[in-house]
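Novice: See target_33.pdb below, with PDB, C-alpha atoms and all ligand atoms.
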```
MODEL        1
ATOM      1  CA  MET A   1     115.590  92.210  94.787  1.00  0.00           C
ATOM      2  CA  ASN A   2     115.768  95.966  94.318  1.00  0.00           C
ATOM      3  CA  ILE A   3     115.796  98.114  97.394  1.00  0.00           C
ATOM      4  CA  PRO A   4     115.440 101.877  97.519  1.00  0.00           C
ATOM      5  CA  ASP A   5     118.282 104.195  98.518  1.00  0.00           C
ATOM      6  CA  LYS A   6     116.196 105.773 101.218  1.00  0.00           C
ATOM      7  CA  LEU A   7     115.043 103.716 104.136  1.00  0.00           C
ATOM      8  CA  THR A   8     112.589 104.519 106.915  1.00  0.00           C
ATOM      9  CA  LEU A   9     112.879 102.435 110.060  1.00  0.00           C
ATOM     10  CA  ARG A  10     110.526 102.101 112.988  1.00  0.00           C
ATOM     11  CA  GLU A  11     111.406 100.922 116.471  1.00  0.00           C
ATOM     12  CA  THR A  12     109.986  97.492 117.267  1.00  0.00           C
ATOM     13  CA  ALA A  13     111.743  96.592 120.512  1.00  0.00           C
ATOM     14  CA  HIS A  14     114.001  98.000 123.178  1.00  0.00           C
ATOM     15  CA  GLY A  15     115.507  96.831 126.406  1.00  0.00           C
ATOM     16  CA  HIS A  16     118.258  97.535 128.882  1.00  0.00           C
ATOM     17  CA  GLY A  17     120.248  95.682 131.510  1.00  0.00           C
ATOM     18  CA  ALA A  18     123.051  96.006 134.040  1.00  0.00           C
ATOM     19  CA  ASN A  19     125.890  98.526 133.567  1.00  0.00           C
ATOM     20  CA  GLY A  20     124.087 100.503 130.913  1.00  0.00           C
ATOM     21  CA  MET A  21     123.597  97.608 128.462  1.00  0.00           C
ATOM     22  CA  ALA A  22     120.883  98.632 126.030  1.00  0.00           C
ATOM     23  CA  PHE A  23     119.464  97.597 122.689  1.00  0.00           C
ATOM     24  CA  TYR A  24     116.933  98.856 120.161  1.00  0.00           C
ATOM     25  CA  GLY A  25     115.299  96.790 117.417  1.00  0.00           C
ATOM     26  CA  TYR A  26     114.076  98.315 114.149  1.00  0.00           C
ATOM     27  CA  GLU A  27     112.382  97.216 110.951  1.00  0.00           C
ATOM     28  CA  ASP A  28     111.726  99.101 107.741  1.00  0.00           C
ATOM     29  CA  THR A  29     108.273 100.621 107.385  1.00  0.00           C
ATOM     30  CA  ALA A  30     107.821  99.613 103.734  1.00  0.00           C
ATOM     31  CA  GLY A  31     107.721  95.865 104.453  1.00  0.00           C
ATOM     32  CA  LEU A  32     111.018  95.172 102.661  1.00  0.00           C
ATOM     33  CA  GLY A  33     112.070  92.663 105.323  1.00  0.00           C
ATOM     34  CA  ILE A  34     114.980  94.767 106.575  1.00  0.00           C
ATOM     35  CA  GLN A  35     115.790  94.705 110.291  1.00  0.00           C
ATOM     36  CA  MET A  36     118.458  96.344 112.405  1.00  0.00           C
ATOM     37  CA  GLU A  37     119.589  96.078 115.989  1.00  0.00           C
ATOM     38  CA  ALA A  38     121.582  98.775 117.748  1.00  0.00           C
ATOM     39  CA  ARG A  39     123.225  97.445 120.920  1.00  0.00           C
ATOM     40  CA  ARG A  40     125.761  98.599 123.456  1.00  0.00           C
ATOM     41  CA  GLU A  41     127.203  96.304 126.093  1.00  0.00           C
ATOM     42  CA  SER A  42     127.751  99.008 128.707  1.00  0.00           C
ATOM     43  CA  GLY A  43     127.231 102.697 129.368  1.00  0.00           C
ATOM     44  CA  ARG A  44     130.838 103.330 128.361  1.00  0.00           C
ATOM     45  CA  SER A  45     130.653 101.717 124.920  1.00  0.00           C
ATOM     46  CA  GLY A  46     128.939 103.097 121.846  1.00  0.00           C
ATOM     47  CA  PHE A  47     125.989 101.527 120.048  1.00  0.00           C
ATOM     48  CA  ILE A  48     126.930  98.953 117.427  1.00  0.00           C
ATOM     49  CA  GLU A  49     124.580  98.324 114.500  1.00  0.00           C
ATOM     50  CA  THR A  50     123.817  94.873 113.109  1.00  0.00           C
ATOM     51  CA  TRP A  51     121.703  94.507 109.970  1.00  0.00           C
ATOM     52  CA  PHE A  52     119.510  91.552 108.964  1.00  0.00           C
ATOM     53  CA  HIS A  53     117.143  90.568 106.199  1.00  0.00           C
ATOM     54  CA  GLU A  54     114.168  88.200 106.430  1.00  0.00           C
ATOM     55  CA  ALA A  55     115.264  86.288 103.329  1.00  0.00           C
ATOM     56  CA  LEU A  56     118.869  85.797 104.514  1.00  0.00           C
ATOM     57  CA  PRO A  57     118.538  83.324 107.408  1.00  0.00           C
ATOM     58  CA  GLU A  58     121.287  83.251 110.044  1.00  0.00           C
ATOM     59  CA  ARG A  59     123.236  86.046 108.357  1.00  0.00           C
ATOM     60  CA  LYS A  60     124.154  89.428 109.785  1.00  0.00           C
ATOM     61  CA  PHE A  61     125.862  92.481 108.399  1.00  0.00           C
ATOM     62  CA  ALA A  62     127.834  95.237 110.065  1.00  0.00           C
ATOM     63  CA  THR A  63     126.599  98.000 107.782  1.00  0.00           C
ATOM     64  CA  TRP A  64     123.607  98.942 105.690  1.00  0.00           C
ATOM     65  CA  ALA A  65     125.830  98.936 102.582  1.00  0.00           C
ATOM     66  CA  GLU A  66     126.845  95.284 103.149  1.00  0.00           C
ATOM     67  CA  LEU A  67     123.258  94.202 103.739  1.00  0.00           C
ATOM     68  CA  SER A  68     122.096  96.155 100.729  1.00  0.00           C
ATOM     69  CA  ALA A  69     124.618  94.383  98.440  1.00  0.00           C
ATOM     70  CA  ALA A  70     123.560  90.939  99.711  1.00  0.00           C
ATOM     71  CA  VAL A  71     119.857  91.734  99.294  1.00  0.00           C
ATOM     72  CA  ALA A  72     120.419  93.052  95.760  1.00  0.00           C
ATOM     73  CA  ALA A  73     121.774  89.597  94.824  1.00  0.00           C
ATOM     74  CA  LEU A  74     118.529  87.864  95.929  1.00  0.00           C
ATOM     75  CA  THR A  75     115.906  86.949  93.363  1.00  0.00           C
ATOM     76  CA  ASP A  76     112.250  87.715  94.060  1.00  0.00           C
ATOM     77  CA  GLU A  77     111.652  83.922  94.068  1.00  0.00           C
ATOM     78  CA  GLN A  78     114.191  83.460  96.877  1.00  0.00           C
ATOM     79  CA  VAL A  79     112.556  86.226  98.905  1.00  0.00           C
ATOM     80  CA  GLU A  80     109.095  84.734  98.357  1.00  0.00           C
ATOM     81  CA  ALA A  81     110.216  81.176  99.179  1.00  0.00           C
ATOM     82  CA  GLU A  82     111.605  82.306 102.514  1.00  0.00           C
ATOM     83  CA  ALA A  83     108.562  84.446 103.347  1.00  0.00           C
ATOM     84  CA  ALA A  84     106.222  81.530 102.512  1.00  0.00           C
ATOM     85  CA  GLN A  85     107.542  79.624 105.546  1.00  0.00           C
ATOM     86  CA  TYR A  86     106.039  82.149 107.941  1.00  0.00           C
ATOM     87  CA  PRO A  87     104.204  82.705 110.150  1.00  0.00           C
ATOM     88  CA  ARG A  88     104.558  79.340 111.886  1.00  0.00           C
ATOM     89  CA  PHE A  89     104.550  78.034 115.433  1.00  0.00           C
ATOM     90  CA  ARG A  90     108.091  77.963 116.794  1.00  0.00           C
ATOM     91  CA  SER A  91     107.313  76.466 120.187  1.00  0.00           C
ATOM     92  CA  ILE A  92     104.386  75.548 122.444  1.00  0.00           C
ATOM     93  CA  ARG A  93     105.247  74.718 126.053  1.00  0.00           C
ATOM     94  CA  PRO A  94     103.422  74.711 129.384  1.00  0.00           C
ATOM     95  CA  ASP A  95     103.555  78.266 130.777  1.00  0.00           C
ATOM     96  CA  THR A  96     105.577  77.862 133.958  1.00  0.00           C
ATOM     97  CA  CYS A  97     104.753  81.465 134.959  1.00  0.00           C
ATOM     98  CA  GLY A  98     101.025  80.683 134.891  1.00  0.00           C
ATOM     99  CA  ASN A  99     100.018  83.789 132.913  1.00  0.00           C
ATOM    100  CA  ALA A 100      96.320  84.159 132.036  1.00  0.00           C
ATOM    101  CA  CYS A 101      95.146  83.320 128.508  1.00  0.00           C
ATOM    102  CA  ARG A 102      95.602  86.396 126.326  1.00  0.00           C
ATOM    103  CA  LEU A 103      92.361  85.818 124.424  1.00  0.00           C
ATOM    104  CA  CYS A 104      90.040  84.932 127.325  1.00  0.00           C
ATOM    105  CA  PRO A 105      88.171  87.738 129.112  1.00  0.00           C
ATOM    106  CA  ARG A 106      90.454  89.308 131.718  1.00  0.00           C
ATOM    107  CA  PRO A 107      89.835  88.024 135.227  1.00  0.00           C
ATOM    108  CA  SER A 108      89.048  90.973 137.511  1.00  0.00           C
ATOM    109  CA  TYR A 109      91.980  92.084 139.582  1.00  0.00           C
ATOM    110  CA  THR A 110      91.857  90.819 143.170  1.00  0.00           C
ATOM    111  CA  GLY A 111      95.400  91.609 144.263  1.00  0.00           C
ATOM    112  CA  GLU A 112      96.090  87.897 144.594  1.00  0.00           C
ATOM    113  CA  ARG A 113      98.552  86.185 142.298  1.00  0.00           C
ATOM    114  CA  VAL A 114      96.570  83.510 140.464  1.00  0.00           C
ATOM    115  CA  LYS A 115      98.417  80.848 138.502  1.00  0.00           C
ATOM    116  CA  HIS A 116      96.693  79.810 135.297  1.00  0.00           C
ATOM    117  CA  ASP A 117      96.998  76.498 133.527  1.00  0.00           C
ATOM    118  CA  THR A 118      98.128  77.841 130.156  1.00  0.00           C
ATOM    119  CA  TRP A 119     100.546  77.306 127.286  1.00  0.00           C
ATOM    120  CA  ARG A 120     103.392  79.629 126.331  1.00  0.00           C
ATOM    121  CA  VAL A 121     103.188  80.016 122.567  1.00  0.00           C
ATOM    122  CA  HIS A 122     105.837  81.503 120.261  1.00  0.00           C
ATOM    123  CA  VAL A 123     104.795  82.257 116.684  1.00  0.00           C
ATOM    124  CA  ALA A 124     107.710  82.926 114.331  1.00  0.00           C
ATOM    125  CA  ARG A 125     107.298  85.864 111.939  1.00  0.00           C
ATOM    126  CA  GLY A 126     110.680  85.179 110.376  1.00  0.00           C
ATOM    127  CA  TRP A 127     113.935  83.387 111.140  1.00  0.00           C
ATOM    128  CA  ARG A 128     114.936  85.788 113.961  1.00  0.00           C
ATOM    129  CA  ALA A 129     113.384  84.503 117.189  1.00  0.00           C
ATOM    130  CA  VAL A 130     113.544  87.977 118.762  1.00  0.00           C
ATOM    131  CA  THR A 131     110.735  89.080 116.438  1.00  0.00           C
ATOM    132  CA  ASP A 132     108.395  86.239 117.495  1.00  0.00           C
ATOM    133  CA  TRP A 133     104.885  86.890 118.718  1.00  0.00           C
ATOM    134  CA  ARG A 134     104.667  85.534 122.281  1.00  0.00           C
ATOM    135  CA  CYS A 135     101.515  84.873 124.255  1.00  0.00           C
ATOM    136  CA  SER A 136      99.907  82.555 126.781  1.00  0.00           C
ATOM    137  CA  LEU A 137      96.833  80.585 125.695  1.00  0.00           C
ATOM    138  CA  CYS A 138      94.343  78.256 127.385  1.00  0.00           C
ATOM    139  CA  ASP A 139      93.604  74.787 125.967  1.00  0.00           C
ATOM    140  CA  THR A 140      90.483  76.031 124.169  1.00  0.00           C
ATOM    141  CA  HIS A 141      92.226  78.884 122.388  1.00  0.00           C
ATOM    142  CA  LEU A 142      95.281  76.778 121.569  1.00  0.00           C
ATOM    143  CA  ASN A 143      92.989  74.204 119.928  1.00  0.00           C
ATOM    144  CA  GLN A 144      91.071  76.923 118.098  1.00  0.00           C
ATOM    145  CA  PHE A 145      94.254  78.131 116.395  1.00  0.00           C
ATOM    146  CA  ASP A 146      95.842  74.717 115.912  1.00  0.00           C
ATOM    147  CA  GLY A 147      97.675  74.878 112.572  1.00  0.00           C
ATOM    148  CA  LYS A 148      96.521  78.477 111.976  1.00  0.00           C
ATOM    149  CA  PRO A 149      99.374  80.764 113.039  1.00  0.00           C
ATOM    150  CA  ALA A 150      98.267  83.644 110.764  1.00  0.00           C
ATOM    151  CA  GLU A 151      94.758  83.604 112.292  1.00  0.00           C
ATOM    152  CA  LEU A 152      96.279  83.600 115.783  1.00  0.00           C
ATOM    153  CA  ILE A 153      98.410  86.669 114.984  1.00  0.00           C
ATOM    154  CA  ALA A 154      95.313  88.426 113.611  1.00  0.00           C
ATOM    155  CA  ALA A 155      93.397  87.617 116.816  1.00  0.00           C
ATOM    156  CA  LEU A 156      96.277  88.882 118.990  1.00  0.00           C
ATOM    157  CA  GLU A 157      96.513  92.107 116.988  1.00  0.00           C
ATOM    158  CA  ALA A 158      92.751  92.638 117.299  1.00  0.00           C
ATOM    159  CA  GLU A 159      92.951  92.026 121.053  1.00  0.00           C
ATOM    160  CA  ALA A 160      95.854  94.486 121.406  1.00  0.00           C
ATOM    161  CA  ALA A 161      93.991  97.147 119.393  1.00  0.00           C
ATOM    162  CA  GLU A 162      90.871  96.671 121.526  1.00  0.00           C
ATOM    163  CA  ARG A 163      92.907  96.975 124.718  1.00  0.00           C
ATOM    164  CA  ARG A 164      94.589 100.177 123.470  1.00  0.00           C
ATOM    165  CA  ALA A 165      91.167 101.628 122.572  1.00  0.00           C
ATOM    166  CA  SER A 166      89.670 100.768 125.956  1.00  0.00           C
ATOM    167  CA  THR A 167      92.699 102.212 127.789  1.00  0.00           C
ATOM    168  CA  ALA A 168      92.419 105.405 125.754  1.00  0.00           C
ATOM    169  CA  GLU A 169      88.727 105.628 126.644  1.00  0.00           C
ATOM    170  CA  LYS A 170      89.388 105.222 130.358  1.00  0.00           C
ATOM    171  CA  GLY A 171      92.232 107.732 130.111  1.00  0.00           C
ATOM    172  CA  LEU A 172      90.031 110.638 128.996  1.00  0.00           C
ATOM    173  CA  PRO A 173      90.583 113.595 131.310  1.00  0.00           C
ATOM    174  CA  TRP A 174      86.924 114.709 131.443  1.00  0.00           C
TER     175      TRP A 174
HETATM  176 ZN    ZN A 201      91.567  81.348 126.340  1.00  0.00          ZN
ENDMDL
END
```
Represent the supplied structure as structure tokens.
Specialist:
Amino acid sequence: MNIPDKLTLRETAHGHGANGMAFYGYEDTAGLGIQMEARRESGRSGFIETWFHEALPERKFATWAELSAAVAALTDEQVEAEAAQYPRFRSIRPDTCGNACRLCPRPSYTGERVKHDTWRVHVARGWRAVTDWRCSLCDTHLNQFDGKPAELIAALEAEAAERRASTAEKGLPW
């Protein structure tokens, strides 16, 4: 698989913890399947990069050059065979936190903590679990998307876009 010399990455995740621990997740914007994580274990240590590729399961590389060499050795068939396995459901378990179903109309906010009888669903986009789509679904919605992970992702993306639009509308200053 040929990859270009120039790479544009976008941030897909970030988080931080005790003592200055922090991480940032990135993927390439051209859909080449390249991912990178920059992580530091404390505020006193520097960020360390780790590179991954969607078609190289369970492998990681310390530098872009190392990843690039491994990816160059892949055939297009190998890349396609790996991609064909996704998206798929990684896990479906009762949601012990009782979050509301992501695709049902939002219950109006009462200030009370209501526990919902839902399922915690992880949909794998690739071999790295950190890139999974995660959501809570009711029985009805779980059944609706049974065996259709790609349709579920599309529905979640549509819901997220709608929510962003409605927030933007409410946020108008006039
Ligand atoms: Zn629902």
Novice: Can you tell me, as a PyMOL selection string, what residues are no more than 10 Å from Asn99 (chain A) when counting only C-alpha atoms, ignoring any on the same chain fewer than 2 positions away?
Specialist: chain A and resi 95-97+101-102+113-120+135-138
Novice: Taking only C-alpha atoms and all ligand atoms into account, which of A:His122, A:Arg106, A:Arg163, A:Arg44 comes nearest ligand ZN 201 (chain A)?
Specialist: A:Arg106
Novice: Separation of CA of Arg125 (chain A) and CA of Gly25 (chain A), in Å?
Specialist: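 That distance, rounded to one decimal, is 14.6 Å.
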Novice: Taking 4 positions as the minimum chain separation for residues in the same chain, which residues sit within 8 Å of Ala124 (chain A) when counting only C-alpha atoms? Answer as a VMD selection string.
Specialist: chain A and resid 86 to 90 128 to 129 131 to 133
Novice: For the selection just defined, write its residues with C-alpha atoms to a file, as a short mmCIF file (atom, residue, chain, number, x, y, z; two decimals), in the coordinates of the input.
Specialist:
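Result written to result-v2.cif:
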```
data_model
loop_
_atom_site.label_atom_id
_atom_site.label_comp_id
_atom_site.auth_asym_id
_atom_site.auth_seq_id
_atom_site.Cartn_x
_atom_site.Cartn_y
_atom_site.Cartn_z
CA TYR A 86 106.04 82.15 107.94
CA PRO A 87 104.20 82.70 110.15
CA ARG A 88 104.56 79.34 111.89
CA PHE A 89 104.55 78.03 115.43
CA ARG A 90 108.09 77.96 116.79
CA ARG A 128 114.94 85.79 113.96
CA ALA A 129 113.38 84.50 117.19
CA THR A 131 110.74 89.08 116.44
CA ASP A 132 108.40 86.24 117.50
CA TRP A 133 104.88 86.89 118.72
#
```
Novice: Please list, as a ChimeraX atom specification, the residues that have an atom at most 12 Å away from (92.9, 78.9, 117.7) in the coordinates of this file, counting only C-alpha atoms.
Specialist: /A:89,101-104,121,137-156
Novice: Next, dump the selected residues to file, keeping only C-alpha atoms, as a short mmCIF file (atom, residue, chain, number, x, y, z; two decimals), in the frame of the given file.
Specialist:
```cif
data_model
loop_
_atom_site.label_atom_id
_atom_site.label_comp_id
_atom_site.auth_asym_id
_atom_site.auth_seq_id
_atom_site.Cartn_x
_atom_site.Cartn_y
_atom_site.Cartn_z
CA PHE A 89 104.55 78.03 115.43
CA CYS A 101 95.15 83.32 128.51
CA ARG A 102 95.60 86.40 126.33
CA LEU A 103 92.36 85.82 124.42
CA CYS A 104 90.04 84.93 127.32
CA VAL A 121 103.19 80.02 122.57
CA LEU A 137 96.83 80.58 125.70
CA CYS A 138 94.34 78.26 127.38
CA ASP A 139 93.60 74.79 125.97
CA THR A 140 90.48 76.03 124.17
CA HIS A 141 92.23 78.88 122.39
CA LEU A 142 95.28 76.78 121.57
CA ASN A 143 92.99 74.20 119.93
CA GLN A 144 91.07 76.92 118.10
CA PHE A 145 94.25 78.13 116.40
CA ASP A 146 95.84 74.72 115.91
CA GLY A 147 97.68 74.88 112.57
CA LYS A 148 96.52 78.48 111.98
CA PRO A 149 99.37 80.76 113.04
CA ALA A 150 98.27 83.64 110.76
CA GLU A 151 94.76 83.60 112.29
CA LEU A 152 96.28 83.60 115.78
CA ILE A 153 98.41 86.67 114.98
CA ALA A 154 95.31 88.43 113.61
CA ALA A 155 93.40 87.62 116.82
CA LEU A 156 96.28 88.88 118.99
#
```
Novice: Can you spell out as a PyMOL selection string the set of residues that the PyMOL selection byres (((chain A and resi 27) around 12) and not hetatm) selects in the structure I just provided?
Specialist: chain A and resi 7-13+24-26+28-38+50-54+131
Novice: Under the PyMOL selection byres (((chain A and resi 82) around 10) and not hetatm), which residues of this model are included? Write them out as a list of chain:residue names.
Specialist: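 So the PyMOL selection byres (((chain A and resi 82) around 10) and not hetatm), applied here, picks out A:Glu54, A:Ala55, A:Leu56, A:Pro57, A:Glu77, A:Gln78, A:Val79, A:Glu80, A:Ala81, A:Ala83, A:Ala84, A:Gln85, A:Tyr86, A:Gly126, A:Trp127.
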Novice: Which residues, protein or nucleic acid, reach to within 7 Å of (123.5, 103.6, 126.6) in the file's coordinates when using all atoms listed in the file, and can you give that as a list in words?
Specialist: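 Using all atoms listed in the file, the matching residues come out as Gly20, Met21, Ala22, Arg40, Ser42 and Gly43 of chain A.
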Novice: Using all atoms listed in the file, find the one residue out of A:Gly111, A:Pro94, A:Pro105, A:Gly17 that sits nearest to ligand ZN 201 (chain A).
Specialist: A:Pro105
Novice: Measure the distance from CA of Ala72 (chain A) to CA of Ile48 (chain A) in Å and round it to one decimal.
Specialist: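 Between these atoms lies a distance of 23.4 Å.
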Novice: Mind completing region 145-160 of chain A with N, CA and C atoms? Output as a CSV table (one decimal), in the coordinates of the input, please?
Specialist:
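Contents of the output file rebuild-v3.csv:
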```
chain,number,residue,atom,x,y,z
A,145,PHE,N,93.3,77.6,117.4
A,145,PHE,CA,94.3,78.1,116.4
A,145,PHE,C,95.3,77.1,116.0
A,146,ASP,N,95.0,75.8,116.3
A,146,ASP,CA,95.8,74.7,115.9
A,146,ASP,C,96.1,74.7,114.4
A,147,GLY,N,97.3,74.9,114.0
A,147,GLY,CA,97.7,74.9,112.6
A,147,GLY,C,97.3,76.2,111.8
A,148,LYS,N,96.9,77.2,112.6
A,148,LYS,CA,96.5,78.5,112.0
A,148,LYS,C,97.3,79.7,112.6
A,149,PRO,N,98.6,79.7,112.4
A,149,PRO,CA,99.4,80.8,113.0
A,149,PRO,C,99.0,82.2,112.6
A,150,ALA,N,98.6,82.3,111.3
A,150,ALA,CA,98.3,83.6,110.8
A,150,ALA,C,97.0,84.1,111.4
A,151,GLU,N,96.0,83.2,111.6
A,151,GLU,CA,94.8,83.6,112.3
A,151,GLU,C,95.0,84.0,113.7
A,152,LEU,N,96.0,83.3,114.4
A,152,LEU,CA,96.3,83.6,115.8
A,152,LEU,C,96.9,85.0,115.9
A,153,ILE,N,97.8,85.3,115.0
A,153,ILE,CA,98.4,86.7,115.0
A,153,ILE,C,97.3,87.7,114.8
A,154,ALA,N,96.4,87.5,113.9
A,154,ALA,CA,95.3,88.4,113.6
A,154,ALA,C,94.5,88.6,114.9
A,155,ALA,N,94.2,87.5,115.6
A,155,ALA,CA,93.4,87.6,116.8
A,155,ALA,C,94.2,88.4,117.9
A,156,LEU,N,95.5,88.2,118.0
A,156,LEU,CA,96.3,88.9,119.0
A,156,LEU,C,96.3,90.4,118.7
A,157,GLU,N,96.5,90.7,117.4
A,157,GLU,CA,96.5,92.1,117.0
A,157,GLU,C,95.2,92.8,117.3
A,158,ALA,N,94.1,92.1,117.0
A,158,ALA,CA,92.8,92.6,117.3
A,158,ALA,C,92.6,92.9,118.8
A,159,GLU,N,93.1,91.9,119.6
A,159,GLU,CA,93.0,92.0,121.1
A,159,GLU,C,93.8,93.2,121.5
A,160,ALA,N,95.0,93.4,121.0
A,160,ALA,CA,95.9,94.5,121.4
A,160,ALA,C,95.2,95.8,121.0
```
